>>> print(open('structure10.txt').read())   # compact mmCIF, C-alpha atoms
# COMPACT_ATOMS: atom_id res chain seq x y z
CA MET J 1 37.48 13.85 3.91
CA ASP J 2 35.43 12.99 6.98
CA LEU J 3 34.36 9.35 6.82
CA ASP J 4 31.24 9.92 8.92
CA THR J 5 29.88 12.25 6.26
CA VAL J 6 30.76 9.74 3.53
CA ARG J 7 29.10 6.92 5.49
CA THR J 8 26.00 9.07 5.99
CA PHE J 9 25.88 9.87 2.26
CA VAL J 10 26.01 6.16 1.33
CA ALA J 11 23.31 5.29 3.87
CA ALA J 12 21.04 8.05 2.55
CA ALA J 13 21.66 7.02 -1.06
CA ASP J 14 20.79 3.40 -0.27
CA ALA J 15 17.71 4.28 1.79
CA GLY J 16 16.40 7.03 -0.48
CA GLN J 17 15.25 8.95 2.60
CA PHE J 18 17.16 10.89 5.23
CA GLN J 19 14.81 9.59 7.94
CA GLU J 20 15.59 5.93 7.16
CA ALA J 21 19.31 6.71 6.95
CA ALA J 22 19.09 8.36 10.39
CA ALA J 23 17.44 5.24 11.85
CA GLU J 24 20.11 2.99 10.33
CA LEU J 25 22.95 5.15 11.68
CA ALA J 26 21.24 5.72 15.07
CA ILE J 27 21.42 9.52 14.72
CA THR J 28 18.81 12.21 14.19
CA GLN J 29 17.44 13.24 10.80
CA GLN J 30 18.81 16.71 11.48
CA ALA J 31 22.29 15.23 11.94
CA VAL J 32 21.98 13.44 8.61
CA SER J 33 21.03 16.69 6.89
CA LYS J 34 23.95 18.53 8.50
CA ARG J 35 26.46 15.86 7.50
CA ILE J 36 25.21 15.82 3.91
CA ALA J 37 25.40 19.63 3.82
CA VAL J 38 29.00 19.55 5.05
CA LEU J 39 29.94 16.97 2.41
CA GLU J 40 28.23 18.97 -0.35
CA ARG J 41 30.05 22.10 0.80
CA ASN J 42 33.41 20.30 0.77
CA LEU J 43 32.80 18.83 -2.68
CA GLY J 44 31.23 22.00 -4.09
CA VAL J 45 28.26 20.14 -5.63
CA ARG J 46 24.69 19.12 -4.78
CA LEU J 47 24.43 15.41 -4.03
CA PHE J 48 20.68 15.05 -3.44
CA THR J 49 17.47 16.56 -4.73
CA ARG J 50 14.53 16.57 -2.33
CA THR J 51 11.33 15.06 -3.83
CA PRO J 52 7.91 14.08 -2.41
CA ARG J 53 9.20 10.50 -2.33
CA GLY J 54 12.36 11.34 -0.39
CA ALA J 55 15.87 12.16 -1.54
CA GLU J 56 17.12 11.35 -5.02
CA LEU J 57 20.74 11.44 -6.12
CA THR J 58 21.77 14.18 -8.52
CA ILE J 59 24.06 13.37 -11.42
CA ASP J 60 27.00 14.41 -9.24
CA GLY J 61 25.67 12.22 -6.43
CA GLN J 62 25.46 9.24 -8.78
CA ALA J 63 29.03 9.86 -9.92
CA PHE J 64 30.33 10.13 -6.35
CA LEU J 65 28.51 7.06 -4.94
CA PRO J 66 30.85 4.27 -6.18
CA HIS J 67 33.87 6.25 -4.98
CA ALA J 68 32.22 6.78 -1.60
CA ARG J 69 31.69 3.04 -1.26
CA GLU J 70 35.34 2.42 -2.13
CA LEU J 71 36.46 4.98 0.47
CA LEU J 72 34.54 3.05 3.13
CA ARG J 73 35.98 -0.28 1.96
CA VAL J 74 39.52 1.11 2.14
CA ALA J 75 38.83 2.46 5.63
CA GLU J 76 37.52 -0.92 6.79
CA ARG J 77 40.61 -2.67 5.44
CA ALA J 78 42.86 -0.12 7.13
CA LEU J 79 41.09 -0.73 10.42
CA ALA J 80 41.30 -4.48 9.98
CA SER J 81 45.06 -4.23 9.41
CA VAL J 82 45.60 -3.23 13.04
CA HIS J 83 43.00 -5.56 14.55
CA THR J 84 43.61 -8.84 12.71
CA VAL J 85 45.65 -10.41 15.49
CA ARG J 86 42.78 -9.92 17.93
CA ARG J 87 39.99 -11.52 15.90
CA ALA J 88 39.12 -14.88 14.41
CA LEU J 89 39.93 -15.79 10.82
CA ARG J 90 36.61 -15.48 8.96
CA VAL J 91 36.23 -18.01 6.14
CA ASP J 92 33.26 -18.63 3.84
CA VAL J 93 32.21 -22.10 2.71
CA ILE J 94 29.30 -22.86 0.43
CA ALA J 95 27.77 -25.52 2.72
CA SER J 96 28.55 -26.97 6.12
CA ARG J 97 28.63 -30.55 4.79
CA GLY J 98 30.61 -29.84 1.63
CA ALA J 99 34.19 -30.53 0.65
CA ALA J 100 35.36 -27.00 1.46
CA ALA J 101 34.07 -27.33 5.00
CA GLY J 102 36.03 -30.58 5.22
CA LEU J 103 39.21 -28.79 4.17
CA LEU J 104 38.58 -26.18 6.84
CA ARG J 105 37.96 -28.85 9.50
CA GLY J 106 41.29 -30.41 8.57
CA PHE J 107 42.96 -27.01 8.99
CA HIS J 108 41.36 -26.60 12.42
CA ARG J 109 42.57 -30.02 13.54
CA ALA J 110 46.10 -29.14 12.42
CA HIS J 111 45.98 -25.65 13.99
CA PRO J 112 43.58 -25.70 16.95
CA GLU J 113 45.23 -22.56 18.32
CA ILE J 114 43.79 -20.47 15.46
CA GLU J 115 40.30 -19.18 16.13
CA LEU J 116 37.97 -19.67 13.17
CA ASP J 117 34.70 -17.97 12.30
CA VAL J 118 32.93 -19.97 9.57
CA VAL J 119 30.23 -18.30 7.48
CA MET J 120 28.11 -19.50 4.53
CA LEU J 121 27.44 -16.96 1.81
CA PHE J 122 25.26 -17.54 -1.24
CA ASP J 123 27.39 -17.17 -4.35
CA ILE J 124 30.76 -16.03 -5.61
CA GLU J 125 29.67 -12.43 -6.19
CA THR J 126 28.51 -12.12 -2.59
CA ALA J 127 31.71 -13.75 -1.38
CA VAL J 128 33.96 -11.46 -3.43
CA ALA J 129 32.10 -8.37 -2.17
CA ALA J 130 32.55 -9.60 1.42
CA ILE J 131 36.28 -10.18 0.85
CA ARG J 132 36.73 -6.72 -0.64
CA SER J 133 34.85 -5.04 2.22
CA GLY J 134 36.83 -6.96 4.86
CA THR J 135 33.74 -8.77 6.17
CA ILE J 136 35.47 -12.11 5.56
CA ASP J 137 39.10 -13.08 5.03
CA ALA J 138 38.74 -15.90 2.53
CA SER J 139 36.22 -17.99 0.63
CA PHE J 140 36.15 -21.41 -1.02
CA ARG J 141 34.59 -21.06 -4.50
CA ALA J 142 34.79 -22.25 -8.10
CA VAL J 143 36.53 -19.67 -10.33
CA ALA J 144 36.66 -18.11 -12.81
CA VAL J 145 33.07 -17.93 -14.01
CA PRO J 146 32.78 -16.86 -17.66
CA ASP J 147 32.23 -13.13 -18.20
CA LYS J 148 32.74 -12.53 -14.47
CA PRO J 149 36.52 -12.40 -13.92
CA LEU J 150 37.80 -11.79 -10.43
CA PRO J 151 38.73 -8.20 -9.60
CA PRO J 152 42.50 -7.60 -9.73
CA ASP J 153 42.70 -7.18 -5.93
CA ILE J 154 41.31 -10.70 -5.35
CA ALA J 155 43.75 -13.62 -5.48
CA SER J 156 42.80 -17.28 -5.89
CA VAL J 157 44.43 -20.68 -5.89
CA ARG J 158 42.85 -23.98 -6.88
CA VAL J 159 42.99 -26.36 -3.93
CA LEU J 160 40.76 -29.36 -4.63
CA ASP J 161 39.06 -31.17 -7.51
CA GLU J 162 36.12 -33.05 -5.98
CA PRO J 163 34.86 -36.04 -8.01
CA LEU J 164 31.14 -36.12 -8.67
CA GLN J 165 29.36 -39.37 -7.89
CA LEU J 166 25.92 -40.55 -8.96
CA MET J 167 23.50 -41.07 -6.07
CA THR J 168 20.56 -43.39 -6.72
CA GLY J 169 17.89 -45.19 -4.77
CA PRO J 170 17.87 -49.02 -4.59
CA ALA J 171 15.38 -49.42 -7.45
CA HIS J 172 17.17 -47.19 -9.96
CA ALA J 173 18.31 -48.86 -13.20
CA LEU J 174 21.98 -48.09 -12.40
CA ALA J 175 21.83 -48.93 -8.69
CA GLY J 176 23.77 -52.17 -9.08
CA ALA J 177 26.66 -50.71 -11.05
CA ARG J 178 30.13 -50.46 -9.49
CA SER J 179 30.81 -47.42 -11.67
CA VAL J 180 29.16 -45.68 -14.59
CA THR J 181 30.63 -43.82 -17.52
CA VAL J 182 29.40 -40.35 -18.43
CA ALA J 183 27.98 -41.82 -21.65
CA GLN J 184 25.84 -44.27 -19.65
CA LEU J 185 24.14 -41.35 -17.90
CA VAL J 186 22.69 -39.97 -21.15
CA GLY J 187 18.91 -40.32 -21.04
CA HIS J 188 18.72 -40.67 -17.25
CA ARG J 189 17.02 -37.93 -15.23
CA ILE J 190 19.41 -36.26 -12.81
CA TRP J 191 17.52 -34.08 -10.34
CA MET J 192 19.30 -31.17 -8.63
CA PRO J 193 16.77 -28.64 -7.25
CA GLY J 194 19.50 -26.63 -5.54
CA ILE J 195 20.86 -25.24 -8.82
CA VAL J 196 20.22 -21.48 -8.96
CA PRO J 197 20.64 -19.76 -12.36
CA GLY J 198 23.55 -17.34 -12.47
CA THR J 199 25.57 -18.98 -9.70
CA GLU J 200 28.99 -20.50 -10.25
CA TRP J 201 27.69 -24.01 -9.66
CA ALA J 202 24.86 -23.48 -12.19
CA VAL J 203 27.44 -22.49 -14.81
CA PHE J 204 29.46 -25.61 -13.99
CA TYR J 205 26.49 -27.95 -14.45
CA ASP J 206 25.30 -26.11 -17.57
CA ASP J 207 28.68 -26.81 -19.13
CA LEU J 208 28.56 -30.45 -18.01
CA VAL J 209 25.17 -30.85 -19.72
CA ALA J 210 26.37 -29.13 -22.89
CA GLU J 211 29.56 -31.21 -23.06
CA PHE J 212 28.03 -34.67 -22.59
CA GLY J 213 24.33 -34.34 -23.45
CA LEU J 214 23.11 -35.11 -19.95
CA THR J 215 19.68 -34.29 -18.53
CA ILE J 216 19.85 -32.28 -15.32
CA GLU J 217 16.55 -31.02 -13.91
CA ALA J 218 16.41 -28.21 -11.36
CA THR J 219 12.61 -28.08 -11.16
CA GLY J 220 10.65 -27.73 -7.94
CA PRO J 221 11.44 -26.00 -4.66
CA ASN J 222 14.68 -26.76 -2.86
CA PHE J 223 13.71 -28.16 0.56
CA GLY J 224 17.29 -29.03 1.46
CA SER J 225 19.47 -32.11 1.31
CA ASP J 226 17.33 -34.29 3.60
CA ALA J 227 14.29 -33.85 1.34
CA LEU J 228 16.49 -34.54 -1.69
CA LEU J 229 17.68 -37.81 -0.18
CA ASP J 230 14.08 -38.80 0.64
CA THR J 231 13.02 -38.27 -2.97
CA ILE J 232 15.99 -40.06 -4.52
CA ALA J 233 15.47 -43.06 -2.22
CA ASP J 234 11.79 -43.37 -3.15
CA THR J 235 11.87 -42.50 -6.88
CA PRO J 236 13.43 -45.09 -9.22
CA ALA J 237 13.43 -42.68 -12.18
CA LEU J 238 15.57 -40.04 -10.48
CA ALA J 239 19.25 -39.80 -9.54
CA THR J 240 21.40 -36.88 -8.44
CA PHE J 241 25.02 -35.82 -8.43
CA MET J 242 26.79 -35.61 -5.09
CA GLY J 243 30.38 -34.59 -4.35
CA GLU J 244 32.56 -37.45 -3.19
CA HIS J 245 33.60 -35.51 -0.07
CA THR J 246 30.12 -34.24 0.82
CA ARG J 247 29.07 -35.61 4.19
CA HIS J 248 25.54 -37.03 4.44
CA VAL J 249 23.88 -39.42 6.84
CA TRP J 250 20.66 -41.20 5.91
CA PRO J 251 18.55 -44.02 7.44
CA ALA J 252 19.77 -47.51 6.58
CA GLY J 253 16.41 -48.35 5.07
CA TYR J 254 16.90 -45.81 2.28
CA GLY J 255 19.38 -48.09 0.49
CA LEU J 256 21.02 -45.19 -1.31
CA ARG J 257 23.95 -45.93 -3.62
CA MET J 258 26.98 -43.71 -4.33
CA ILE J 259 28.40 -44.71 -7.72
CA PRO J 260 31.69 -43.35 -9.15
CA VAL J 261 31.45 -41.66 -12.56
CA THR J 262 34.26 -42.31 -15.06
CA ASP J 263 35.48 -41.77 -18.63
CA PRO J 264 36.00 -38.93 -17.85
CA MET J 265 35.45 -38.28 -14.17
CA PRO J 266 33.64 -34.92 -13.71
CA VAL J 267 35.19 -32.98 -10.84
CA TYR J 268 34.04 -29.81 -9.14
CA PRO J 269 36.95 -27.36 -8.77
CA HIS J 270 37.33 -25.67 -5.38
CA SER J 271 39.58 -22.61 -5.06
CA LEU J 272 40.52 -20.40 -2.14
CA LEU J 273 39.90 -16.66 -2.66
CA TRP J 274 41.35 -13.82 -0.57
CA HIS J 275 42.23 -10.13 -0.80
CA ARG J 276 45.82 -9.52 -1.85
CA ASP J 277 46.25 -6.90 0.90
CA ASN J 278 44.73 -8.94 3.72
CA PRO J 279 47.29 -8.94 6.58
CA HIS J 280 45.65 -11.54 8.85
CA PRO J 281 48.52 -13.81 9.96
CA ALA J 282 46.28 -16.90 10.05
CA LEU J 283 45.40 -16.47 6.37
CA ALA J 284 49.00 -17.22 5.40
CA THR J 285 48.89 -20.29 7.65
CA LEU J 286 45.69 -21.50 5.96
CA ARG J 287 47.22 -21.07 2.51
CA THR J 288 50.36 -22.95 3.54
CA HIS J 289 48.26 -25.75 5.03
CA LEU J 290 46.20 -26.14 1.86
CA ALA J 291 49.31 -26.11 -0.34
CA ALA J 292 50.80 -28.93 1.75
CA SER J 293 47.61 -30.98 2.11
CA ASP J 294 48.11 -32.80 -1.22
CA ALA J 295 44.41 -32.48 -2.03
CA GLY J 296 45.51 -31.87 -5.59
CA TYR J 297 43.81 -31.05 -8.86
CA GLY J 298 44.17 -31.66 -12.56
CA ALA J 299 44.50 -35.46 -12.39
CA ALA J 300 44.44 -37.42 -15.65
CA GLY J 301 41.03 -38.66 -16.73
CA THR J 302 39.09 -35.86 -15.07
CA TRP J 303 36.86 -33.18 -16.59
CA VAL J 304 36.31 -29.55 -15.68
CA PRO J 305 34.91 -26.73 -17.85
CA ASP J 306 37.36 -24.82 -20.03
CA TRP J 307 36.91 -21.66 -17.94
CA VAL J 308 38.25 -23.18 -14.72
CA SER J 309 41.41 -21.47 -13.52
CA GLU J 310 44.50 -23.66 -13.61
CA SER J 311 46.14 -21.89 -10.65
>>> encode(input="structure10.txt", output="structure tokens")
Amino acid sequence: MDLDTVRTFVAAADAGQFQEAAAELAITQQAVSKRIAVLERNLGVRLFTRTPRGAELTIDGQAFLPHARELLRVAERALASVHTVRRALRVDVIASRGAAAGLLRGFHRAHPEIELDVVMLFDIETAVAAIRSGTIDASFRAVAVPDKPLPPDIASVRVLDEPLQLMTGPAHALAGARSVTVAQLVGHRIWMPGIVPGTEWAVFYDDLVAEFGLTIEATGPNFGSDALLDTIADTPALATFMGEHTRHVWPAGYGLRMIPVTDPMPVYPHSLLWHRDNPHPALATLRTHLAASDAGYGAAGTWVPDWVSES
């Protein structure tokens, strides 16, 4: 089956118009029509119905579309298998200042000869799709999210449990504490505007709230970490959770406090995800480095949700 015709079919299905598909593929509308006609002839079915609004998939077209996407993904992986040595290892981290980025920086220091391409995708579903398509080689994420198990072709290994700490301003009621228990946080307002419903980190914090009766507010727009630090420093009634390994710099006048949380210590579980068939030689090196880094997980006295993978 000619992959150009399959690629043209997918582009037309996504665009809903042959003209837009032609613009995306940098070919003429006539070429799009010819390729679709060839594919329909080979398959022996009609894939599109022309309407005043454009081109709509027939029932056969709807049935063929997921298989067409998979054909293109397989082709991309096949191409990557012979080009991996000549390109950088592409790894996704959730934030440039987070713990996963720190793990990757440690890998780069240990293996400066390996070229890295660091990307930041939004959530685990986006990351998994990018791994399966060959857009990236690996991703640091929390898995497995309930009701959303990883596809069987995606492997994962838990590499780091990052303790959560309470960040407060100097006038907060708990600002003078050396540590706080989870029970002591009940009734305090913990503000985390970066929580997006449906993401893996939202599920983690939802479970934390349900388990210990905490109050986490995600109200208001998320203007980024600098704005969050400004608000926490100036608002005695608010605190936030921050990963122990998250790197932040703030003006000395803010007087922010980072307070360990205990009994139990909530930890955010970071795992490395990759495609089981990915042949990039540097991926194996990254996995070996992480396995030997002694970052560890599952320490006594820590808490993670029940759905967190143990491997």
>>> residues_around(input="structure10.txt", residues="region 30-35 of chain J", least_positions_apart="2", cutoff="10 Å", atoms="only C-alpha atoms", output="list of chain:residue names")
J:Asp2, J:Asp4, J:Thr5, J:Val6, J:Arg7, J:Thr8, J:Phe9, J:Ala11, J:Ala12, J:Phe18, J:Gln19, J:Glu20, J:Ala21, J:Ala22, J:Ala23, J:Leu25, J:Ile27, J:Thr28, J:Ala37, J:Val38, J:Leu39, J:Glu40, J:Arg41
>>> closest_residue(input="structure10.txt", among="J:Pro305, J:Pro52, J:Pro236, J:Gly98", to="Val203 (chain J)", atoms="all atoms listed in the file")
J:Pro305
>>> residues_around(input="structure10.txt", residues="region 129-145 of chain J", least_positions_apart="5", cutoff="6 Å", atoms="only C-alpha atoms", output="list in words")
Arg73, Arg77, Arg90, Val91, Asp92, Val93, Pro269, His270, Ser271, Leu272, Leu273, Trp274, Val308 and Ser309 of chain J
>>> residues_around(input="structure10.txt", residues="Ile124 (chain J)", least_positions_apart="2", cutoff="7 Å", atoms="only C-alpha atoms", output="MDAnalysis selection string")
chainID J and resid 126:128 141 200
>>> write_last_selection(input="structure10.txt", atoms="C-alpha atoms", output="compact mmCIF listing (two decimals), keeping the file's coordinate frame")
# COMPACT_ATOMS: atom_id res chain seq x y z
CA THR J 126 28.51 -12.12 -2.59
CA ALA J 127 31.71 -13.75 -1.38
CA VAL J 128 33.96 -11.46 -3.43
CA ARG J 141 34.59 -21.06 -4.50
CA GLU J 200 28.99 -20.50 -10.25
>>> residues_around(input="structure10.txt", residues="Val196 (chain J)", least_positions_apart="2", cutoff="12 Å", atoms="all atoms listed in the file", output="list in words")
Phe122, Asp123, Met192, Pro193, Gly194, Gly198, Thr199, Glu200, Trp201, Ala202, Val203, Phe204, Tyr205, Asp206, Glu217, Ala218, Thr219, Gly220, Pro221 and Asn222 of chain J
>>> atom_distance(input="structure10.txt", atom1="CA of Thr262 (chain J)", atom2="CA of Val180 (chain J)")
6.1 Å
>>> atom_distance(input="structure10.txt", atom1="CA of Ala75 (chain J)", atom2="CA of Gly44 (chain J)")
23.1 Å
>>> atom_distance(input="structure10.txt", atom1="CA of Ile195 (chain J)", atom2="CA of Thr181 (chain J)")
22.7 Å
>>> closest_residue(input="structure10.txt", among="J:Ala95, J:Val10, J:Ala282, J:Val267", to="Ile36 (chain J)", atoms="all atoms listed in the file")
J:Val10
>>> residues_near_point(input="structure10.txt", point="(13.3, -47.2, -9.3)", cutoff="8 Å", atoms="all atoms listed in the file", output="number ranges by chain")
J: 169-173, 234-238
>>> closest_residue(input="structure10.txt", among="J:Leu79, J:Val74, J:Val118, J:Pro149", to="Trp307 (chain J)", atoms="only C-alpha atoms")
J:Pro149
>>> closest_residue(input="structure10.txt", among="J:Ala78, J:Leu121, J:Met1, J:Leu57", to="Pro279 (chain J)", atoms="only C-alpha atoms")
J:Ala78
>>> residues_around(input="structure10.txt", residues="Thr288 (chain J)", least_positions_apart="5", cutoff="12 Å", atoms="all atoms listed in the file", output="mmCIF file with C-alpha atoms, keeping the file's coordinate frame")
data_model
loop_
_atom_site.group_PDB
_atom_site.id
_atom_site.type_symbol
_atom_site.label_atom_id
_atom_site.label_comp_id
_atom_site.auth_asym_id
_atom_site.auth_seq_id
_atom_site.Cartn_x
_atom_site.Cartn_y
_atom_site.Cartn_z
ATOM 1 C CA PHE J 107 42.960 -27.010 8.990
ATOM 2 C CA ALA J 110 46.100 -29.140 12.420
ATOM 3 C CA HIS J 111 45.980 -25.650 13.990
ATOM 4 C CA VAL J 157 44.430 -20.680 -5.890
ATOM 5 C CA VAL J 159 42.990 -26.360 -3.930
ATOM 6 C CA LEU J 272 40.520 -20.400 -2.140
ATOM 7 C CA PRO J 281 48.520 -13.810 9.960
ATOM 8 C CA ALA J 282 46.280 -16.900 10.050
ATOM 9 C CA LEU J 283 45.400 -16.470 6.370
ATOM 10 C CA SER J 293 47.610 -30.980 2.110
ATOM 11 C CA ASP J 294 48.110 -32.800 -1.220
#
>>> closest_residue(input="structure10.txt", among="J:Asp14, J:Ser96, J:Arg287, J:Asn278", to="Ser225 (chain J)", atoms="only C-alpha atoms")
J:Ser96
>>> closest_residue(input="structure10.txt", among="J:Gly176, J:Pro163, J:Pro66, J:Gly301", to="Pro264 (chain J)", atoms="all atoms listed in the file")
J:Gly301
>>> residues_near_point(input="structure10.txt", point="(24.1, -37.5, -8.6)", cutoff="9 Å", atoms="only C-alpha atoms", output="list in words")
Leu164, Gln165, Leu166, Met167, Thr168, Ile190, Trp191, Met192, Ala239, Thr240, Phe241, Met242, Gly243, Met258 and Ile259 of chain J
